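Text of start.txt, listed as compact mmCIF, C-alpha atoms and all ligand atoms:
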```txt
# COMPACT_ATOMS: atom_id res chain seq x y z
CA MET A 23 -5.00 -14.41 -12.11
CA ASP A 24 -6.77 -12.47 -9.36
CA MET A 25 -5.93 -8.78 -9.55
CA ARG A 26 -7.29 -5.92 -7.48
CA LEU A 27 -6.25 -2.44 -8.48
CA ILE A 28 -7.00 1.18 -7.68
CA LEU A 29 -6.31 3.96 -10.17
CA LEU A 30 -5.84 7.45 -8.75
CA GLY A 31 -5.29 10.64 -10.71
CA PRO A 32 -6.83 13.99 -11.54
CA PRO A 33 -9.80 14.48 -13.89
CA GLY A 34 -8.73 13.54 -17.41
CA ALA A 35 -5.58 11.68 -16.32
CA GLY A 36 -6.74 8.63 -18.27
CA LYS A 37 -8.19 6.54 -15.44
CA GLY A 38 -11.17 5.39 -17.49
CA THR A 39 -9.10 4.77 -20.63
CA GLN A 40 -6.51 2.69 -18.78
CA ALA A 41 -9.06 0.91 -16.59
CA LYS A 42 -10.86 -0.39 -19.68
CA LEU A 43 -7.61 -1.72 -21.17
CA LEU A 44 -6.58 -3.32 -17.87
CA ALA A 45 -10.02 -4.88 -17.35
CA GLU A 46 -9.75 -6.49 -20.78
CA LYS A 47 -6.18 -7.69 -20.36
CA PHE A 48 -6.68 -9.25 -16.93
CA ASN A 49 -10.33 -10.20 -17.38
CA ILE A 50 -11.41 -8.28 -14.29
CA GLN A 51 -14.27 -5.85 -13.64
CA GLN A 52 -13.86 -2.10 -14.13
CA ILE A 53 -15.73 -0.26 -11.39
CA SER A 54 -16.09 3.44 -12.18
CA THR A 55 -18.23 5.42 -9.76
CA GLY A 56 -18.46 8.17 -12.40
CA ASP A 57 -19.87 5.71 -14.98
CA ILE A 58 -22.29 4.21 -12.45
CA LEU A 59 -23.53 7.67 -11.45
CA ARG A 60 -23.94 8.74 -15.10
CA GLN A 61 -26.02 5.60 -15.75
CA ALA A 62 -28.20 6.50 -12.77
CA VAL A 63 -28.61 10.06 -14.11
CA LYS A 64 -29.54 8.67 -17.53
CA ASN A 65 -32.10 6.29 -15.99
CA LYS A 66 -33.46 9.12 -13.81
CA THR A 67 -33.29 6.98 -10.67
CA LYS A 68 -33.68 8.65 -7.28
CA MET A 69 -29.91 8.42 -6.75
CA GLY A 70 -29.26 9.78 -10.25
CA LEU A 71 -31.51 12.79 -9.74
CA LYS A 72 -29.75 13.60 -6.49
CA ALA A 73 -26.24 13.08 -7.91
CA LYS A 74 -26.78 15.16 -11.06
CA SER A 75 -26.67 18.58 -9.40
CA TYR A 76 -23.35 17.77 -7.70
CA MET A 77 -21.83 16.38 -10.89
CA ASP A 78 -22.95 19.31 -13.04
CA GLN A 79 -21.25 21.68 -10.61
CA GLY A 80 -18.03 19.64 -10.55
CA LYS A 81 -18.52 18.80 -6.88
CA LEU A 82 -18.22 15.38 -5.27
CA VAL A 83 -21.38 13.38 -4.69
CA PRO A 84 -21.79 12.77 -0.91
CA ASP A 85 -19.61 9.99 0.52
CA ASN A 86 -22.51 7.87 1.81
CA VAL A 87 -23.96 7.60 -1.72
CA VAL A 88 -20.74 6.49 -3.44
CA ILE A 89 -19.68 4.24 -0.56
CA GLY A 90 -23.07 2.49 -0.85
CA ILE A 91 -22.52 2.02 -4.59
CA ILE A 92 -19.09 0.48 -4.08
CA LYS A 93 -20.16 -1.89 -1.32
CA ASP A 94 -23.00 -3.19 -3.48
CA ARG A 95 -20.73 -3.57 -6.46
CA LEU A 96 -17.93 -5.38 -4.60
CA ASP A 97 -20.48 -7.84 -3.21
CA ASN A 98 -21.36 -8.91 -6.71
CA ALA A 99 -20.06 -12.34 -7.71
CA ASP A 100 -18.43 -10.99 -10.88
CA CYS A 101 -15.85 -9.18 -8.71
CA SER A 102 -14.55 -12.35 -7.12
CA LYS A 103 -11.82 -12.71 -9.77
CA GLY A 104 -10.64 -9.15 -9.32
CA PHE A 105 -11.52 -5.56 -10.09
CA ILE A 106 -10.13 -2.18 -10.88
CA LEU A 107 -11.48 0.87 -9.11
CA ASP A 108 -11.53 3.98 -11.30
CA GLY A 109 -12.55 7.22 -9.59
CA PHE A 110 -12.98 5.72 -6.13
CA PRO A 111 -11.87 6.44 -3.42
CA ARG A 112 -11.80 10.21 -3.75
CA THR A 113 -11.86 11.29 -0.08
CA ILE A 114 -10.19 10.01 3.08
CA GLN A 115 -13.57 8.86 4.36
CA GLN A 116 -14.13 6.82 1.19
CA ALA A 117 -10.66 5.28 1.56
CA GLU A 118 -11.39 4.30 5.15
CA SER A 119 -14.76 2.77 4.32
CA LEU A 120 -13.15 0.84 1.49
CA SER A 121 -10.45 -0.53 3.72
CA GLN A 122 -13.08 -1.67 6.25
CA ALA A 123 -15.18 -3.31 3.55
CA LEU A 124 -12.16 -5.15 2.12
CA LYS A 125 -11.15 -6.33 5.57
CA GLN A 126 -14.62 -7.79 6.09
CA MET A 127 -14.36 -9.55 2.75
CA GLU A 128 -10.87 -10.77 3.69
CA ILE A 129 -9.31 -9.39 0.53
CA ASP A 130 -6.67 -6.76 -0.16
CA ILE A 131 -5.68 -4.37 -2.93
CA ASP A 132 -2.64 -5.55 -4.93
CA HIS A 133 -1.61 -2.24 -6.48
CA LEU A 134 -2.52 1.42 -6.19
CA ILE A 135 -1.43 3.41 -9.20
CA ASP A 136 -1.37 7.18 -9.28
CA ILE A 137 -1.35 8.67 -12.78
CA GLU A 138 0.61 11.91 -12.47
CA ILE A 139 0.04 14.68 -14.98
CA GLY A 140 -0.17 18.48 -15.00
CA PHE A 141 -3.49 20.30 -15.26
CA ASP A 142 -2.45 22.09 -18.52
CA TYR A 143 -2.52 18.80 -20.43
CA LEU A 144 -5.84 17.85 -18.93
CA ILE A 145 -7.89 20.79 -20.12
CA ARG A 146 -7.19 19.76 -23.73
CA ARG A 147 -8.01 16.15 -23.00
CA LEU A 148 -11.29 16.93 -21.29
CA THR A 149 -12.60 19.57 -23.68
CA GLY A 150 -11.91 17.19 -26.62
CA ARG A 151 -13.41 14.11 -25.03
CA TRP A 152 -16.36 12.22 -26.48
CA THR A 153 -18.08 9.58 -24.35
CA CYS A 154 -20.42 6.77 -25.43
CA ARG A 155 -23.93 7.21 -24.08
CA GLU A 156 -24.47 3.44 -24.03
CA CYS A 157 -21.25 1.80 -22.79
CA GLY A 158 -19.24 4.75 -21.42
CA GLU A 159 -16.25 4.18 -23.73
CA GLY A 160 -14.13 7.34 -24.01
CA TYR A 161 -12.71 8.92 -27.16
CA HIS A 162 -10.83 12.09 -27.99
CA LYS A 163 -11.42 14.14 -31.11
CA MET A 164 -7.65 14.43 -31.78
CA SER A 165 -5.73 11.77 -29.87
CA ASN A 166 -8.22 8.89 -29.88
CA PRO A 167 -10.96 9.43 -32.48
CA PRO A 168 -13.68 6.84 -33.18
CA LYS A 169 -13.63 5.10 -36.59
CA LYS A 170 -16.91 6.78 -37.51
CA LYS A 171 -17.64 10.30 -36.27
CA GLY A 172 -20.13 10.40 -33.42
CA VAL A 173 -20.46 6.60 -33.17
CA CYS A 174 -18.89 4.23 -30.61
CA ASP A 175 -16.49 1.64 -32.12
CA LYS A 176 -17.47 -0.91 -29.50
CA CYS A 177 -21.28 -0.78 -29.38
CA ASP A 178 -22.44 1.68 -32.09
CA GLY A 179 -23.82 3.91 -29.31
CA GLU A 180 -24.09 7.66 -29.74
CA LEU A 181 -21.12 9.76 -28.60
CA TYR A 182 -21.74 12.91 -26.55
CA GLN A 183 -19.81 15.54 -24.63
CA ARG A 184 -20.16 15.20 -20.89
CA ASP A 185 -22.01 18.07 -19.20
CA ASP A 186 -19.12 18.52 -16.75
CA ASP A 187 -16.51 18.81 -19.51
CA LYS A 188 -17.05 22.57 -19.86
CA GLU A 189 -14.04 24.71 -19.03
CA GLU A 190 -15.48 26.35 -15.88
CA THR A 191 -16.71 23.01 -14.49
CA ILE A 192 -13.34 21.43 -15.27
CA GLN A 193 -11.62 24.14 -13.18
CA LYS A 194 -13.97 23.35 -10.31
CA ARG A 195 -13.20 19.63 -10.63
CA PHE A 196 -9.46 20.41 -10.45
CA GLU A 197 -10.04 22.49 -7.32
CA VAL A 198 -12.05 19.69 -5.69
CA TYR A 199 -9.36 17.19 -6.70
CA ARG A 200 -6.62 19.27 -5.05
CA LYS A 201 -8.58 19.72 -1.87
CA GLU A 202 -10.31 16.37 -1.37
CA THR A 203 -8.50 13.72 -3.40
CA GLU A 204 -4.83 14.68 -3.54
CA PRO A 205 -4.41 14.05 0.24
CA LEU A 206 -5.08 10.38 -0.53
CA LYS A 207 -1.57 10.15 -1.94
CA ASP A 208 -0.07 10.75 1.50
CA TYR A 209 -2.66 8.51 3.07
CA TYR A 210 -1.72 5.56 0.85
CA GLN A 211 1.99 6.35 0.80
CA LYS A 212 2.00 5.66 4.52
CA ASN A 213 0.97 2.06 4.01
CA GLY A 214 3.57 1.72 1.28
CA LYS A 215 1.28 0.68 -1.53
CA LEU A 216 1.26 3.71 -3.78
CA ASN A 217 3.11 3.67 -7.09
CA ALA A 218 3.21 6.73 -9.31
CA ILE A 219 3.54 6.60 -13.06
CA LYS A 220 3.88 9.47 -15.52
CA GLY A 221 0.63 10.18 -17.35
CA ASP A 222 2.06 12.01 -20.38
CA GLY A 223 2.59 10.20 -23.68
CA GLY A 224 0.33 8.01 -25.74
CA ILE A 225 -2.37 5.69 -24.41
CA GLN A 226 -0.39 2.51 -25.21
CA GLU A 227 2.76 3.97 -23.69
CA ILE A 228 0.97 4.59 -20.40
CA PHE A 229 -0.64 1.18 -20.55
CA SER A 230 2.87 -0.38 -20.82
CA ARG A 231 4.06 1.67 -17.84
CA ILE A 232 1.21 0.28 -15.77
CA THR A 233 1.51 -3.33 -16.90
CA ASN A 234 5.29 -3.27 -16.34
CA LEU A 235 4.66 -2.10 -12.84
CA ILE A 236 2.10 -4.72 -11.89
CA THR A 237 3.24 -7.88 -13.66
P1 LIG A 301 -15.51 10.80 -13.03
O1 LIG A 301 -16.33 10.28 -14.12
O2 LIG A 301 -14.72 9.87 -12.21
O3 LIG A 301 -14.60 11.98 -13.60
P2 LIG A 301 -13.11 12.48 -13.29
O4 LIG A 301 -12.40 11.96 -12.11
O5 LIG A 301 -13.22 13.94 -13.40
O6 LIG A 301 -12.27 11.80 -14.34
P3 LIG A 301 -12.59 11.72 -15.83
O7 LIG A 301 -13.53 10.60 -16.11
O8 LIG A 301 -12.98 13.08 -16.32
O9 LIG A 301 -11.14 11.42 -16.45
P4 LIG A 301 -10.36 10.05 -16.63
O10 LIG A 301 -9.16 10.07 -15.74
O11 LIG A 301 -11.26 8.87 -16.55
O12 LIG A 301 -9.84 10.27 -18.10
P5 LIG A 301 -10.26 9.55 -19.48
O13 LIG A 301 -9.67 8.18 -19.51
O14 LIG A 301 -11.69 9.70 -19.76
O15 LIG A 301 -16.44 11.63 -12.03
C1 LIG A 301 -17.40 12.54 -12.51
C2 LIG A 301 -18.20 13.11 -11.36
O16 LIG A 301 -18.92 12.07 -10.70
C3 LIG A 301 -17.37 13.78 -10.25
O17 LIG A 301 -17.08 15.13 -10.55
C4 LIG A 301 -18.31 13.62 -9.05
O18 LIG A 301 -19.35 14.58 -9.08
C5 LIG A 301 -18.91 12.24 -9.29
N1 LIG A 301 -18.12 11.16 -8.67
C6 LIG A 301 -17.51 10.12 -9.29
N2 LIG A 301 -16.86 9.35 -8.42
C7 LIG A 301 -17.05 9.90 -7.20
C8 LIG A 301 -16.62 9.57 -5.89
N3 LIG A 301 -15.84 8.49 -5.67
N4 LIG A 301 -17.00 10.37 -4.86
C9 LIG A 301 -17.80 11.44 -5.06
N5 LIG A 301 -18.24 11.82 -6.28
C10 LIG A 301 -17.87 11.06 -7.35
O19 LIG A 301 -9.43 10.46 -20.51
C11 LIG A 301 -9.79 11.80 -20.77
C12 LIG A 301 -9.67 12.12 -22.26
O20 LIG A 301 -8.32 12.05 -22.67
C13 LIG A 301 -10.42 11.16 -23.18
O21 LIG A 301 -10.90 11.91 -24.27
C14 LIG A 301 -9.35 10.17 -23.65
O22 LIG A 301 -9.64 9.61 -24.91
C15 LIG A 301 -8.12 11.06 -23.68
N6 LIG A 301 -6.89 10.37 -23.31
C16 LIG A 301 -6.72 9.44 -22.33
N7 LIG A 301 -5.42 9.06 -22.25
C17 LIG A 301 -4.76 9.80 -23.19
C18 LIG A 301 -3.39 9.88 -23.58
N8 LIG A 301 -2.44 9.14 -23.00
N9 LIG A 301 -3.06 10.76 -24.56
C19 LIG A 301 -3.99 11.52 -25.15
N10 LIG A 301 -5.30 11.48 -24.84
C20 LIG A 301 -5.68 10.63 -23.87
MG MG A 302 -13.30 8.56 -16.11
```
What do you get writing this file as structure tokens?
Ligand code: AP5
Ligand code: MG
Amino acid sequence: MDMRLILLGPPGAGKGTQAKLLAEKFNIQQISTGDILRQAVKNKTKMGLKAKSYMDQGKLVPDNVVIGIIKDRLDNADCSKGFILDGFPRTIQQAESLSQALKQMEIDIDHLIDIEIGFDYLIRRLTGRWTCRECGEGYHKMSNPPKKKGVCDKCDGELYQRDDDKEETIQKRFEVYRKETEPLKDYYQKNGKLNAIKGDGGIQEIFSRITNLIT
């Protein structure tokens, strides 16, 4: 079944965690601008070197860079059966460019899901997060630990703590979210596509909330 989804939500809401589960269940591509940018940083590409200073400060990478990434990615044949956007769009300009690109491709988004959760929860989630250096899989030292400490269950890659998961950078990311990304809720509400789900509870519980909503 073709399925095109957007996941919205603050840093640590569980976008990446849920996107991976949804991608597996529906056999569609997960497109995470954060993951793509971190790969570019790791590979020290020109884009990665430019993006790193923004990411380390908890700021957004300029719109033209991420919009370019998304257009390239959506053009790829593996997206023809569907995709799930995780961490994009994050500004009104990104949302408008996305809608233009989709129009040109003559496709539409089926569901926009906003994961709602308070910032107090998120600090704990982000400071306890471990991420795989190879495949980007996310873990949590308490709520979602890997089978073997420091090693990814999926690909045996090394787990690390993201540079932007320090408390002061997290606060900056929340501030940027409030200012730049939260207005997207109103923007999408107007075209009647936005559905909010509660982001508290266990990973499987939230996954059920999302799948109930979209199937
Ligand atoms: P990005 O990588 O997108 O970071 P983010 O939005 O801050 O979101 P996170 O990845 O931190 O959280 P998440 O919602 O994916 O949560 P997760 O599932 O990991 O962006 C990073 C940076 O890249 C940005 O700051 C910016 O600089 C740049 N960037 C990216 N996209 C951009 C764009 N479009 N425009 C401009 N710049 C962009 O879960 C968090 C933790 O909680 C994990 O440890 C997980 O195991 C755990 N967890 C998840 N669900 C639960 C649960 N239900 N219960 C308990 N624990 C849980
Ligand atoms: Mg993420």
Would you list the contacts of Ala41 (chain A) as a ChimeraX atom specification, taking every protein, DNA or RNA residue within 10 Å and counting all atoms listed in the file, but skipping same-chain residues closer than 2 positions in sequence?
/A:27-29,36-39,43-47,50-54,105-108,229
Just write the chosen residues, C-alpha atoms, as a tab-separated table (two decimals), in the coordinates of the input.
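New file result-v9.tsv:
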```tsv
chain	number	residue	atom	x	y	z
A	27	LEU	CA	-6.25	-2.44	-8.48
A	28	ILE	CA	-7.00	1.18	-7.68
A	29	LEU	CA	-6.31	3.96	-10.17
A	36	GLY	CA	-6.74	8.63	-18.27
A	37	LYS	CA	-8.19	6.54	-15.44
A	38	GLY	CA	-11.17	5.39	-17.49
A	39	THR	CA	-9.10	4.77	-20.63
A	43	LEU	CA	-7.61	-1.72	-21.17
A	44	LEU	CA	-6.58	-3.32	-17.87
A	45	ALA	CA	-10.02	-4.88	-17.35
A	46	GLU	CA	-9.75	-6.49	-20.78
A	47	LYS	CA	-6.18	-7.69	-20.36
A	50	ILE	CA	-11.41	-8.28	-14.29
A	51	GLN	CA	-14.27	-5.85	-13.64
A	52	GLN	CA	-13.86	-2.10	-14.13
A	53	ILE	CA	-15.73	-0.26	-11.39
A	54	SER	CA	-16.09	3.44	-12.18
A	105	PHE	CA	-11.52	-5.56	-10.09
A	106	ILE	CA	-10.13	-2.18	-10.88
A	107	LEU	CA	-11.48	0.87	-9.11
A	108	ASP	CA	-11.53	3.98	-11.30
A	229	PHE	CA	-0.64	1.18	-20.55
```
Selected residue, from A:Asn213, A:Ser75, A:Thr153, A:Gln183, that lies nearest to ligand MG 302 (chain A) when counting all atoms listed in the file:
A:Thr153
Show me, as a PyMOL selection string, the residues that have an atom within 10 Å of region 117-125 of chain A when counting all atoms listed in the file, minus same-chain residues fewer than 6 positions from it.
chain A and resi 85-86+89-90+92-93+96-97+110-111+131+206+209-210
Measure the distance from CA of Leu181 (chain A) to CA of Gly109 (chain A) in Å and round it to one decimal.
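Pair CA of Leu181 (chain A) / CA of Gly109 (chain A) returns 21.0 Å.
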Rounded to one decimal in Å, what is the spacing between CA of Arg184 (chain A) and CA of Asp78 (chain A)?
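Spanning CA of Arg184 (chain A) to CA of Asp78 (chain A) is a straight-line distance of 9.3 Å.
When all atoms listed in the file are used to measure the gap to ligand MG 302 (chain A), the shortest distance among A:Asp130, A:Asp187, A:Asp24, A:Glu156 belongs to A:Asp187.
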Looking at A:Val198, A:Val173, A:Gln116, A:Met127, which one is nearest to Tyr76 (chain A), with distances taken over all atoms listed in the file?
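Of A:Val198, A:Val173, A:Gln116, A:Met127, the one nearest Tyr76 (chain A) is A:Val198, counting all atoms listed in the file.
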Collect all residues with atoms no farther than 7 Å from ligand LIG 301 (chain A), counting all atoms listed in the file, and output them as a ChimeraX atom specification.
/A:31-40,54-57,59,76-77,80-85,88,108-112,147-148,150-152,160-162,165-166,195,221-225,228
Next, write the just-selected residues to a file, as an mmCIF file, keeping the file's coordinate frame, keeping C-alpha atoms as the atom set.
```
data_model
loop_
_atom_site.group_PDB
_atom_site.id
_atom_site.type_symbol
_atom_site.label_atom_id
_atom_site.label_comp_id
_atom_site.auth_asym_id
_atom_site.auth_seq_id
_atom_site.Cartn_x
_atom_site.Cartn_y
_atom_site.Cartn_z
ATOM 1 C CA GLY A 31 -5.290 10.640 -10.710
ATOM 2 C CA PRO A 32 -6.830 13.990 -11.540
ATOM 3 C CA PRO A 33 -9.800 14.480 -13.890
ATOM 4 C CA GLY A 34 -8.730 13.540 -17.410
ATOM 5 C CA ALA A 35 -5.580 11.680 -16.320
ATOM 6 C CA GLY A 36 -6.740 8.630 -18.270
ATOM 7 C CA LYS A 37 -8.190 6.540 -15.440
ATOM 8 C CA GLY A 38 -11.170 5.390 -17.490
ATOM 9 C CA THR A 39 -9.100 4.770 -20.630
ATOM 10 C CA GLN A 40 -6.510 2.690 -18.780
ATOM 11 C CA SER A 54 -16.090 3.440 -12.180
ATOM 12 C CA THR A 55 -18.230 5.420 -9.760
ATOM 13 C CA GLY A 56 -18.460 8.170 -12.400
ATOM 14 C CA ASP A 57 -19.870 5.710 -14.980
ATOM 15 C CA LEU A 59 -23.530 7.670 -11.450
ATOM 16 C CA TYR A 76 -23.350 17.770 -7.700
ATOM 17 C CA MET A 77 -21.830 16.380 -10.890
ATOM 18 C CA GLY A 80 -18.030 19.640 -10.550
ATOM 19 C CA LYS A 81 -18.520 18.800 -6.880
ATOM 20 C CA LEU A 82 -18.220 15.380 -5.270
ATOM 21 C CA VAL A 83 -21.380 13.380 -4.690
ATOM 22 C CA PRO A 84 -21.790 12.770 -0.910
ATOM 23 C CA ASP A 85 -19.610 9.990 0.520
ATOM 24 C CA VAL A 88 -20.740 6.490 -3.440
ATOM 25 C CA ASP A 108 -11.530 3.980 -11.300
ATOM 26 C CA GLY A 109 -12.550 7.220 -9.590
ATOM 27 C CA PHE A 110 -12.980 5.720 -6.130
ATOM 28 C CA PRO A 111 -11.870 6.440 -3.420
ATOM 29 C CA ARG A 112 -11.800 10.210 -3.750
ATOM 30 C CA ARG A 147 -8.010 16.150 -23.000
ATOM 31 C CA LEU A 148 -11.290 16.930 -21.290
ATOM 32 C CA GLY A 150 -11.910 17.190 -26.620
ATOM 33 C CA ARG A 151 -13.410 14.110 -25.030
ATOM 34 C CA TRP A 152 -16.360 12.220 -26.480
ATOM 35 C CA GLY A 160 -14.130 7.340 -24.010
ATOM 36 C CA TYR A 161 -12.710 8.920 -27.160
ATOM 37 C CA HIS A 162 -10.830 12.090 -27.990
ATOM 38 C CA SER A 165 -5.730 11.770 -29.870
ATOM 39 C CA ASN A 166 -8.220 8.890 -29.880
ATOM 40 C CA ARG A 195 -13.200 19.630 -10.630
ATOM 41 C CA GLY A 221 0.630 10.180 -17.350
ATOM 42 C CA ASP A 222 2.060 12.010 -20.380
ATOM 43 C CA GLY A 223 2.590 10.200 -23.680
ATOM 44 C CA GLY A 224 0.330 8.010 -25.740
ATOM 45 C CA ILE A 225 -2.370 5.690 -24.410
ATOM 46 C CA ILE A 228 0.970 4.590 -20.400
#
```
